[in-house]
Every structure is written in C-alpha cells, then in structure tokens.
Amino acid sequence: MATTTQEPTRPPRCLDDVPGWLPVLDQTLFDWFLDRQETAGTRGDLLEVGVFMGKSAIFIGRHRQPGEKYTVCDLFEGDAPDDANRAESTKSYSALTRDAFEANYRSFHDELPRVLQGPSSVVSAEVEAGSCRFVHIDASHLYEHVHGDIGAARDLLLPGGIVVLDDFRSEHTPGVSIATWEAVLSRGLNPVCLSTQKFYGTWGDPEPVQEALLAMVRQRSDCHLSVQQAAGHRIIRLKSKGMTAPVFPPSRYAEEAARTAPGTPEPAPVPEPAAAAPAVPARRVPRRASRARRVAVDLLPPVVTRAIRRARAADAGK
C-alpha cells in the first residue's frame with residue numbers, strides 16, 4: 001500500500017473515486033476466486049485486515065452471501081500497539097478515520113460490515129476459527145505484525161480457503177516479503193498465484209484451483225502468464241496487458257451527480273395544447289325575411305311561382 005494523506009472531498013460516484021489501491025488485475029482475481037467459491041457452493045465468512053478508505057472492502061462486500069459474516073479491522077484513528085506501528089500509521093494513514101471509511105462503504109452498500117477498531121491482533125479473538133473462505137491482509141507492513149496476521153489467517157480459514165497478502169514484494173515493505181515467503185517455506189502456505197501487487201495462497205491443496213485458474217487465464221488475451229517452479233512450489237505469475245476492470249455498480253450518488261452535471265440539458269417543456277378556434281356560426285337568414293319571401297311567392301301567378309322554385313332547386317343542387 002502506497003503512502004497517501006488524501007481524503008475524499010465528495011461522495012464517491014464509482015469505485016475509482018474511492019482512494020486506495022486495488023489494481024484491475026486484482027479486481028479480476030478477487031472476482032474469480034470469490035465467484036468460483038460461490039459457484040461451487042462454498043459458504044464461509046469474509047475478512048479484511050487493513051481497510052484504509054474502503055476500496056477493496058467495498059469490492060469484497062459485493063460477494064457477501066446470505067448467512068455469511070463480513071468483518072473488517074483497522075486502527076483508523078485509534079492508538080497503535082507500539083512505537084513502530086504508530087510511526088507507520090502517522091506517516092502513511094493520517095487521513096484515515098472510521099467515519100470516512102464508513103461513509104465510503106455506505107455509498108455502495110446498505111449495510112456496514114462488522115467493524116473492529118484496533119490492531120489486527122484482536123481479530124483472532126473476534127472471528128471464529130475455521131469460519132472464513134476469503135481473507136485479505138493489507139494492514140501493517142512490519143514483519144512482526146504480518147507474521148501474526150498470517151498465523152491468524154491460517155487459523156481462521158476454511159479448508160481450501162484463500163488468503164491474499166498485499167505488498168508482498170514492494171521495495172518499501174520488506175517485512176511483508178520476509179513474512180510471506182517464510183510462511184511458504186516453513187508454515188505450510190502454498191502459493192496459488194502472484195499478481196504485480198498481491199500474493200494469493202492457501203493452506204489446502206493448491207493444484208485444483210491452479211488448474212482452473214490456468215484454464216481461465218489461457219482463454220484471455222489481456223493477461224501475461226508465466227509459470228515457474230521454486231522450492232517445490234508451482235508459481236503462477238500474472239500481469240495485466242490492457243485488462244479492463246470488471247463491471248462494478250455505481251454508488252448511490254451517481255444518478256444524483258448525473259442530474260446535476262454541468263451541461264446537462266434541461267428537459268424540453270411540454271407545449272400546452274393550442275386553444276381551439278371559436279366555431280364560426282352558420283349564417284342564418286332572419287326568420288321574418290324568410291317568411292316574407294314565402295308569402296310573396298305564394299301570391300305570384302303559378303307560372304312565375306314555379307319558375308322561381310325551379311331556380312331555387314337548381315341553385316341548391318350546385
């Protein structure tokens with residue numbers, strides 16, 4: 001995890017608006033591992049240790065299934081357990097507060113996960129052993145703390161569960177590297193794959209999940225693949241090659257932002273129906289004049305009267 005003091009100044013509209021580090025390749029892998037468990041009917045709790053502003057926590061939270069528990073743990077603005085951890089938190093995470101995390105999380109989910117505010121050492125006492133199917137560790141980079149977090153993950157995971165370790169090979173986090181490979185060499189942790197930033201492993205048999213992963217990756221053209229052997233372990237290395245992030249639903253603020261975006265045209269007013277033109281009344285001959293004409297016709301000689309009536313009938317037929 002890189003150093004930052006950025007704090008969001010507006011509600012996030014999409015996952016990329018949330019400060020944090022979850023590269024496209026790792027989004028794809030998180031989805032693939034979690035989807036595979038769900039498709040196979042594997043049920044178990046979810047755990048993230050170290051949440052920062054909530055980017056990866058929000059992503060994982062989408063995979064919480066009915067009946068599953070989701071727990072996150074972070075110091076937030078609380079006291080660190082020792083001077084080294086306190087110095088790390090002050091330097092890298094001074095902007096992190098529980099309120100900021102929870103506001104970001106609620107932008108995408110109706111319900112918060114269970115939040116443990118404190119050092120990662122409290123997790124083992126708060127989460128049931130053997131209950132988790134997926135554990136993401138992205139907390140302290142100090143060797144002693146990472147060593148303890150890995151031990152906790154081993155005890156908390158279901159058989160075949162997946163643990164993900166962040167920053168296992170960054171130049172500024174040698175403690176994570178040492179603790180990770182020590183766990184591989186002497187604590188039974190089996191590598192499943194490596195991304196640019198994260199180590200994916202299991203204390204179960206890695207071969208079935210590796211074979212499924214290889215089959216998936218070999219069908220893609222946007223992922224570099226390398227397979228190596230080291231200390232009796234098959235190491236699958238993956239790297240994005242123009243990979244597109246999985247579709248993730250926008251936040252509850254996205255629609256509001258779209259409505260108020262500059263340049264958004266106002267809906268055209270609906271014209272009111274035009275008033276109907278007043279009907280022009282038919283021209284009527286006054287009754288008195290009409291009756292006078294009838295009397296005059298009746299008093300004329302029959303020959304003249306018949307001529308007048310024929311002329312009228314001819315005019316009416318035109």
# chains A, B, ... in the order shown; residues from 1 in each chain; ligands from 1

$ residues_around --residues "segment 147-152 of chain A" --least-positions-apart "2" --cutoff "8 Å" --atoms "only C-alpha atoms" --output "number ranges by chain"
A: 120-121, 123-124, 137, 143-145, 154-156, 179-180, 183

$ select_by_dssp --residues "segment 69-271 of chain A" --states "strand (DSSP E)" --output "PyMOL selection string"
chain A and resi 70-74+114-117+132-137+157-166+190-194+198-202+223-230+233-240

$ write_last_selection --atoms "N, CA and C atoms" --output "compact mmCIF listing (two decimals), in the first residue's frame"
# COMPACT_ATOMS: atom_id res chain seq x y z
N TYR A 70 -19.26 -10.65 7.47
CA TYR A 70 -18.16 -9.91 6.87
C TYR A 70 -17.57 -9.01 7.94
N THR A 71 -16.29 -9.19 8.23
CA THR A 71 -15.61 -8.43 9.27
C THR A 71 -14.44 -7.67 8.67
N VAL A 72 -14.27 -6.41 9.07
CA VAL A 72 -13.10 -5.63 8.69
C VAL A 72 -12.44 -5.12 9.96
N CYS A 73 -11.13 -4.94 9.90
CA CYS A 73 -10.37 -4.48 11.06
C CYS A 73 -9.36 -3.43 10.64
N ASP A 74 -9.27 -2.36 11.41
CA ASP A 74 -8.27 -1.32 11.16
C ASP A 74 -8.11 -0.49 12.42
N ARG A 114 -19.16 -5.83 9.90
CA ARG A 114 -18.77 -5.70 11.30
C ARG A 114 -17.39 -5.03 11.34
N VAL A 115 -17.28 -3.94 12.06
CA VAL A 115 -16.04 -3.15 12.09
C VAL A 115 -15.35 -3.35 13.43
N LEU A 116 -14.11 -3.86 13.37
CA LEU A 116 -13.27 -3.96 14.56
C LEU A 116 -12.26 -2.82 14.51
N GLN A 117 -12.32 -1.91 15.46
CA GLN A 117 -11.38 -0.81 15.50
C GLN A 117 -10.28 -1.13 16.51
N CYS A 132 -13.78 -18.71 7.79
CA CYS A 132 -13.64 -17.79 6.65
C CYS A 132 -13.26 -18.54 5.36
N ARG A 133 -13.81 -18.08 4.27
CA ARG A 133 -13.44 -18.62 2.96
C ARG A 133 -12.47 -17.72 2.22
N PHE A 134 -12.39 -16.43 2.63
CA PHE A 134 -11.55 -15.47 1.92
C PHE A 134 -11.05 -14.44 2.93
N VAL A 135 -9.73 -14.27 3.00
CA VAL A 135 -9.12 -13.31 3.92
C VAL A 135 -8.15 -12.44 3.13
N HIS A 136 -8.32 -11.13 3.23
CA HIS A 136 -7.43 -10.17 2.58
C HIS A 136 -6.67 -9.41 3.65
N ILE A 137 -5.34 -9.49 3.61
CA ILE A 137 -4.50 -8.85 4.61
C ILE A 137 -3.74 -7.69 3.98
N LEU A 157 -9.20 -19.61 8.35
CA LEU A 157 -9.68 -20.06 7.04
C LEU A 157 -10.28 -21.47 7.10
N LEU A 158 -11.31 -21.65 6.27
CA LEU A 158 -11.83 -22.99 5.99
C LEU A 158 -10.80 -23.79 5.21
N PRO A 159 -10.88 -25.12 5.21
CA PRO A 159 -10.01 -25.90 4.32
C PRO A 159 -10.17 -25.45 2.87
N GLY A 160 -9.07 -25.14 2.22
CA GLY A 160 -9.14 -24.65 0.84
C GLY A 160 -9.45 -23.18 0.72
N GLY A 161 -9.61 -22.48 1.83
CA GLY A 161 -9.86 -21.04 1.77
C GLY A 161 -8.67 -20.28 1.21
N ILE A 162 -8.92 -19.07 0.77
CA ILE A 162 -7.89 -18.26 0.09
C ILE A 162 -7.47 -17.10 0.98
N VAL A 163 -6.14 -16.91 1.10
CA VAL A 163 -5.61 -15.73 1.76
C VAL A 163 -4.88 -14.89 0.72
N VAL A 164 -5.06 -13.56 0.81
CA VAL A 164 -4.41 -12.63 -0.11
C VAL A 164 -3.56 -11.68 0.72
N LEU A 165 -2.28 -11.59 0.37
CA LEU A 165 -1.34 -10.73 1.09
C LEU A 165 -0.91 -9.59 0.17
N ASP A 166 -1.16 -8.37 0.61
CA ASP A 166 -0.82 -7.20 -0.20
C ASP A 166 0.63 -6.78 0.03
N ASN A 190 0.75 -22.46 0.72
CA ASN A 190 1.01 -22.83 -0.67
C ASN A 190 0.63 -21.69 -1.61
N PRO A 191 1.57 -21.23 -2.45
CA PRO A 191 1.21 -20.18 -3.42
C PRO A 191 0.19 -20.70 -4.43
N VAL A 192 -0.78 -19.88 -4.74
CA VAL A 192 -1.70 -20.16 -5.85
C VAL A 192 -1.29 -19.33 -7.05
N CYS A 193 -1.12 -18.02 -6.85
CA CYS A 193 -0.64 -17.16 -7.93
C CYS A 193 -0.11 -15.87 -7.35
N LEU A 194 0.61 -15.13 -8.18
CA LEU A 194 1.13 -13.82 -7.80
C LEU A 194 0.65 -12.81 -8.83
N LYS A 198 -0.02 -8.51 -5.25
CA LYS A 198 -0.55 -9.36 -4.20
C LYS A 198 -0.15 -10.84 -4.38
N PHE A 199 -0.05 -11.53 -3.24
CA PHE A 199 0.21 -12.96 -3.17
C PHE A 199 -1.10 -13.65 -2.81
N TYR A 200 -1.48 -14.67 -3.59
CA TYR A 200 -2.69 -15.45 -3.35
C TYR A 200 -2.26 -16.86 -2.94
N GLY A 201 -2.74 -17.32 -1.79
CA GLY A 201 -2.29 -18.62 -1.31
C GLY A 201 -3.38 -19.38 -0.57
N THR A 202 -3.05 -20.62 -0.21
CA THR A 202 -3.97 -21.48 0.52
C THR A 202 -3.17 -22.47 1.36
N CYS A 223 -3.84 -10.79 -20.42
CA CYS A 223 -3.13 -11.14 -19.20
C CYS A 223 -1.86 -11.91 -19.54
N HIS A 224 -0.71 -11.39 -19.13
CA HIS A 224 0.55 -12.11 -19.28
C HIS A 224 0.59 -13.26 -18.27
N LEU A 225 1.10 -14.41 -18.71
CA LEU A 225 1.17 -15.59 -17.86
C LEU A 225 2.58 -16.16 -17.87
N SER A 226 3.09 -16.47 -16.67
CA SER A 226 4.38 -17.13 -16.54
C SER A 226 4.26 -18.17 -15.42
N VAL A 227 4.77 -19.37 -15.67
CA VAL A 227 4.72 -20.44 -14.67
C VAL A 227 6.14 -20.87 -14.36
N GLN A 228 6.50 -20.86 -13.09
CA GLN A 228 7.84 -21.24 -12.65
C GLN A 228 7.75 -22.22 -11.49
N GLN A 229 8.85 -22.90 -11.22
CA GLN A 229 8.97 -23.78 -10.06
C GLN A 229 10.00 -23.19 -9.10
N ALA A 230 9.66 -23.21 -7.80
CA ALA A 230 10.59 -22.69 -6.79
C ALA A 230 10.34 -23.41 -5.48
N HIS A 233 7.37 -25.59 -5.24
CA HIS A 233 6.06 -24.97 -5.45
C HIS A 233 5.93 -24.50 -6.89
N ARG A 234 4.74 -24.68 -7.45
CA ARG A 234 4.45 -24.09 -8.76
C ARG A 234 4.02 -22.65 -8.54
N ILE A 235 4.70 -21.74 -9.19
CA ILE A 235 4.43 -20.31 -9.02
C ILE A 235 3.82 -19.79 -10.32
N ILE A 236 2.57 -19.34 -10.26
CA ILE A 236 1.88 -18.75 -11.41
C ILE A 236 1.96 -17.24 -11.27
N ARG A 237 2.60 -16.60 -12.23
CA ARG A 237 2.76 -15.14 -12.21
C ARG A 237 1.85 -14.53 -13.28
N LEU A 238 1.10 -13.52 -12.88
CA LEU A 238 0.14 -12.87 -13.78
C LEU A 238 0.41 -11.37 -13.82
N LYS A 239 0.19 -10.80 -14.99
CA LYS A 239 0.36 -9.35 -15.17
C LYS A 239 -0.65 -8.85 -16.19
N SER A 240 -1.26 -7.73 -15.88
CA SER A 240 -2.26 -7.16 -16.78
C SER A 240 -1.64 -6.72 -18.09

$ closest_residue --among "A:Ala231, A:Ile58, A:Ala125, A:Leu25" --to "Ser195 of chain A" --atoms "only C-alpha atoms"
A:Leu25

$ closest_residue --among "A:Ile60, A:Ala258, A:Val49, A:Ala103" --to "Pro12 of chain A" --atoms "only C-alpha atoms"
A:Ala103

$ atom_distance --atom1 "atom CA of Arg36 of chain A" --atom2 "atom CA of Gly50 of chain A"
24.2 Å

$ select_by_dssp --residues "segment 89-183 of chain A" --states "alpha helix (DSSP H)" --output "PyMOL selection string"
chain A and resi 89-92+98-106+123-126+143-156+174-183

$ write_last_selection --atoms "N, CA and C atoms" --output "short mmCIF file (atom, residue, chain, number, x, y, z; two decimals), in the first residue's frame"
data_model
loop_
_atom_site.label_atom_id
_atom_site.label_comp_id
_atom_site.auth_asym_id
_atom_site.auth_seq_id
_atom_site.Cartn_x
_atom_site.Cartn_y
_atom_site.Cartn_z
N SER A 89 1.68 4.46 10.94
CA SER A 89 0.32 4.99 10.78
C SER A 89 0.32 6.50 10.59
N THR A 90 1.16 7.19 11.37
CA THR A 90 1.22 8.64 11.27
C THR A 90 1.73 9.08 9.91
N LYS A 91 2.71 8.38 9.38
CA LYS A 91 3.31 8.75 8.10
C LYS A 91 2.38 8.45 6.93
N SER A 92 1.76 7.29 6.94
CA SER A 92 1.05 6.83 5.74
C SER A 92 -0.45 7.00 5.79
N ARG A 98 -12.49 6.34 10.85
CA ARG A 98 -13.58 5.37 10.72
C ARG A 98 -14.79 5.99 10.01
N ASP A 99 -15.06 7.25 10.31
CA ASP A 99 -16.19 7.92 9.65
C ASP A 99 -16.00 7.97 8.13
N ALA A 100 -14.77 8.26 7.69
CA ALA A 100 -14.51 8.33 6.25
C ALA A 100 -14.71 6.96 5.60
N PHE A 101 -14.19 5.92 6.25
CA PHE A 101 -14.38 4.56 5.72
C PHE A 101 -15.86 4.21 5.63
N GLU A 102 -16.59 4.44 6.72
CA GLU A 102 -18.00 4.03 6.74
C GLU A 102 -18.83 4.83 5.74
N ALA A 103 -18.52 6.11 5.56
CA ALA A 103 -19.26 6.91 4.57
C ALA A 103 -19.02 6.37 3.16
N ASN A 104 -17.78 6.02 2.85
CA ASN A 104 -17.49 5.45 1.53
C ASN A 104 -18.21 4.12 1.35
N TYR A 105 -18.16 3.28 2.37
CA TYR A 105 -18.78 1.96 2.25
C TYR A 105 -20.30 2.09 2.06
N ARG A 106 -20.91 2.98 2.82
CA ARG A 106 -22.37 3.14 2.69
C ARG A 106 -22.77 3.76 1.35
N VAL A 123 -8.18 -9.73 15.97
CA VAL A 123 -9.03 -10.48 15.05
C VAL A 123 -9.24 -11.91 15.52
N SER A 124 -8.19 -12.58 15.95
CA SER A 124 -8.30 -13.99 16.33
C SER A 124 -9.32 -14.22 17.43
N ALA A 125 -9.44 -13.25 18.33
CA ALA A 125 -10.40 -13.41 19.42
C ALA A 125 -11.82 -13.04 19.02
N GLU A 126 -11.98 -12.34 17.89
CA GLU A 126 -13.29 -11.84 17.50
C GLU A 126 -13.92 -12.62 16.34
N TYR A 143 7.25 -6.65 9.88
CA TYR A 143 7.37 -8.11 9.88
C TYR A 143 6.59 -8.77 11.02
N GLU A 144 6.77 -8.29 12.24
CA GLU A 144 6.14 -8.93 13.40
C GLU A 144 4.62 -8.95 13.26
N HIS A 145 4.05 -7.87 12.75
CA HIS A 145 2.60 -7.81 12.61
C HIS A 145 2.11 -8.70 11.47
N VAL A 146 2.82 -8.68 10.34
CA VAL A 146 2.41 -9.52 9.21
C VAL A 146 2.53 -11.00 9.58
N HIS A 147 3.58 -11.35 10.30
CA HIS A 147 3.75 -12.73 10.76
C HIS A 147 2.53 -13.17 11.58
N GLY A 148 2.08 -12.28 12.48
CA GLY A 148 0.91 -12.59 13.28
C GLY A 148 -0.37 -12.66 12.45
N ASP A 149 -0.50 -11.75 11.47
CA ASP A 149 -1.70 -11.75 10.61
C ASP A 149 -1.78 -13.04 9.78
N ILE A 150 -0.64 -13.52 9.30
CA ILE A 150 -0.63 -14.76 8.53
C ILE A 150 -1.03 -15.94 9.41
N GLY A 151 -0.51 -15.97 10.63
CA GLY A 151 -0.90 -17.03 11.55
C GLY A 151 -2.39 -17.00 11.86
N ALA A 152 -2.95 -15.81 12.02
CA ALA A 152 -4.38 -15.69 12.27
C ALA A 152 -5.19 -16.19 11.07
N ALA A 153 -4.75 -15.82 9.87
CA ALA A 153 -5.45 -16.26 8.67
C ALA A 153 -5.47 -17.78 8.56
N ARG A 154 -4.35 -18.41 8.88
CA ARG A 154 -4.27 -19.88 8.84
C ARG A 154 -5.33 -20.50 9.76
N ASP A 155 -5.51 -19.93 10.95
CA ASP A 155 -6.46 -20.48 11.91
C ASP A 155 -7.91 -20.16 11.54
N LEU A 156 -8.13 -19.06 10.85
CA LEU A 156 -9.50 -18.61 10.57
C LEU A 156 -10.07 -19.19 9.28
N PRO A 174 9.75 -4.63 3.01
CA PRO A 174 10.49 -5.89 3.11
C PRO A 174 9.95 -6.81 4.19
N GLY A 175 9.34 -6.24 5.24
CA GLY A 175 8.77 -7.07 6.29
C GLY A 175 7.67 -7.98 5.77
N VAL A 176 6.86 -7.49 4.81
CA VAL A 176 5.80 -8.32 4.23
C VAL A 176 6.42 -9.44 3.40
N SER A 177 7.45 -9.12 2.63
CA SER A 177 8.11 -10.13 1.80
C SER A 177 8.68 -11.25 2.66
N ILE A 178 9.40 -10.89 3.72
CA ILE A 178 10.02 -11.90 4.57
C ILE A 178 8.96 -12.79 5.22
N ALA A 179 7.91 -12.17 5.77
CA ALA A 179 6.87 -12.95 6.44
C ALA A 179 6.13 -13.85 5.46
N THR A 180 5.91 -13.37 4.23
CA THR A 180 5.18 -14.17 3.23
C THR A 180 5.98 -15.40 2.84
N TRP A 181 7.21 -15.23 2.42
CA TRP A 181 7.99 -16.37 1.94
C TRP A 181 8.41 -17.28 3.09
N GLU A 182 8.55 -16.74 4.27
CA GLU A 182 8.77 -17.59 5.44
C GLU A 182 7.58 -18.53 5.65
N ALA A 183 6.37 -18.00 5.48
CA ALA A 183 5.18 -18.83 5.63
C ALA A 183 5.13 -19.93 4.57
#
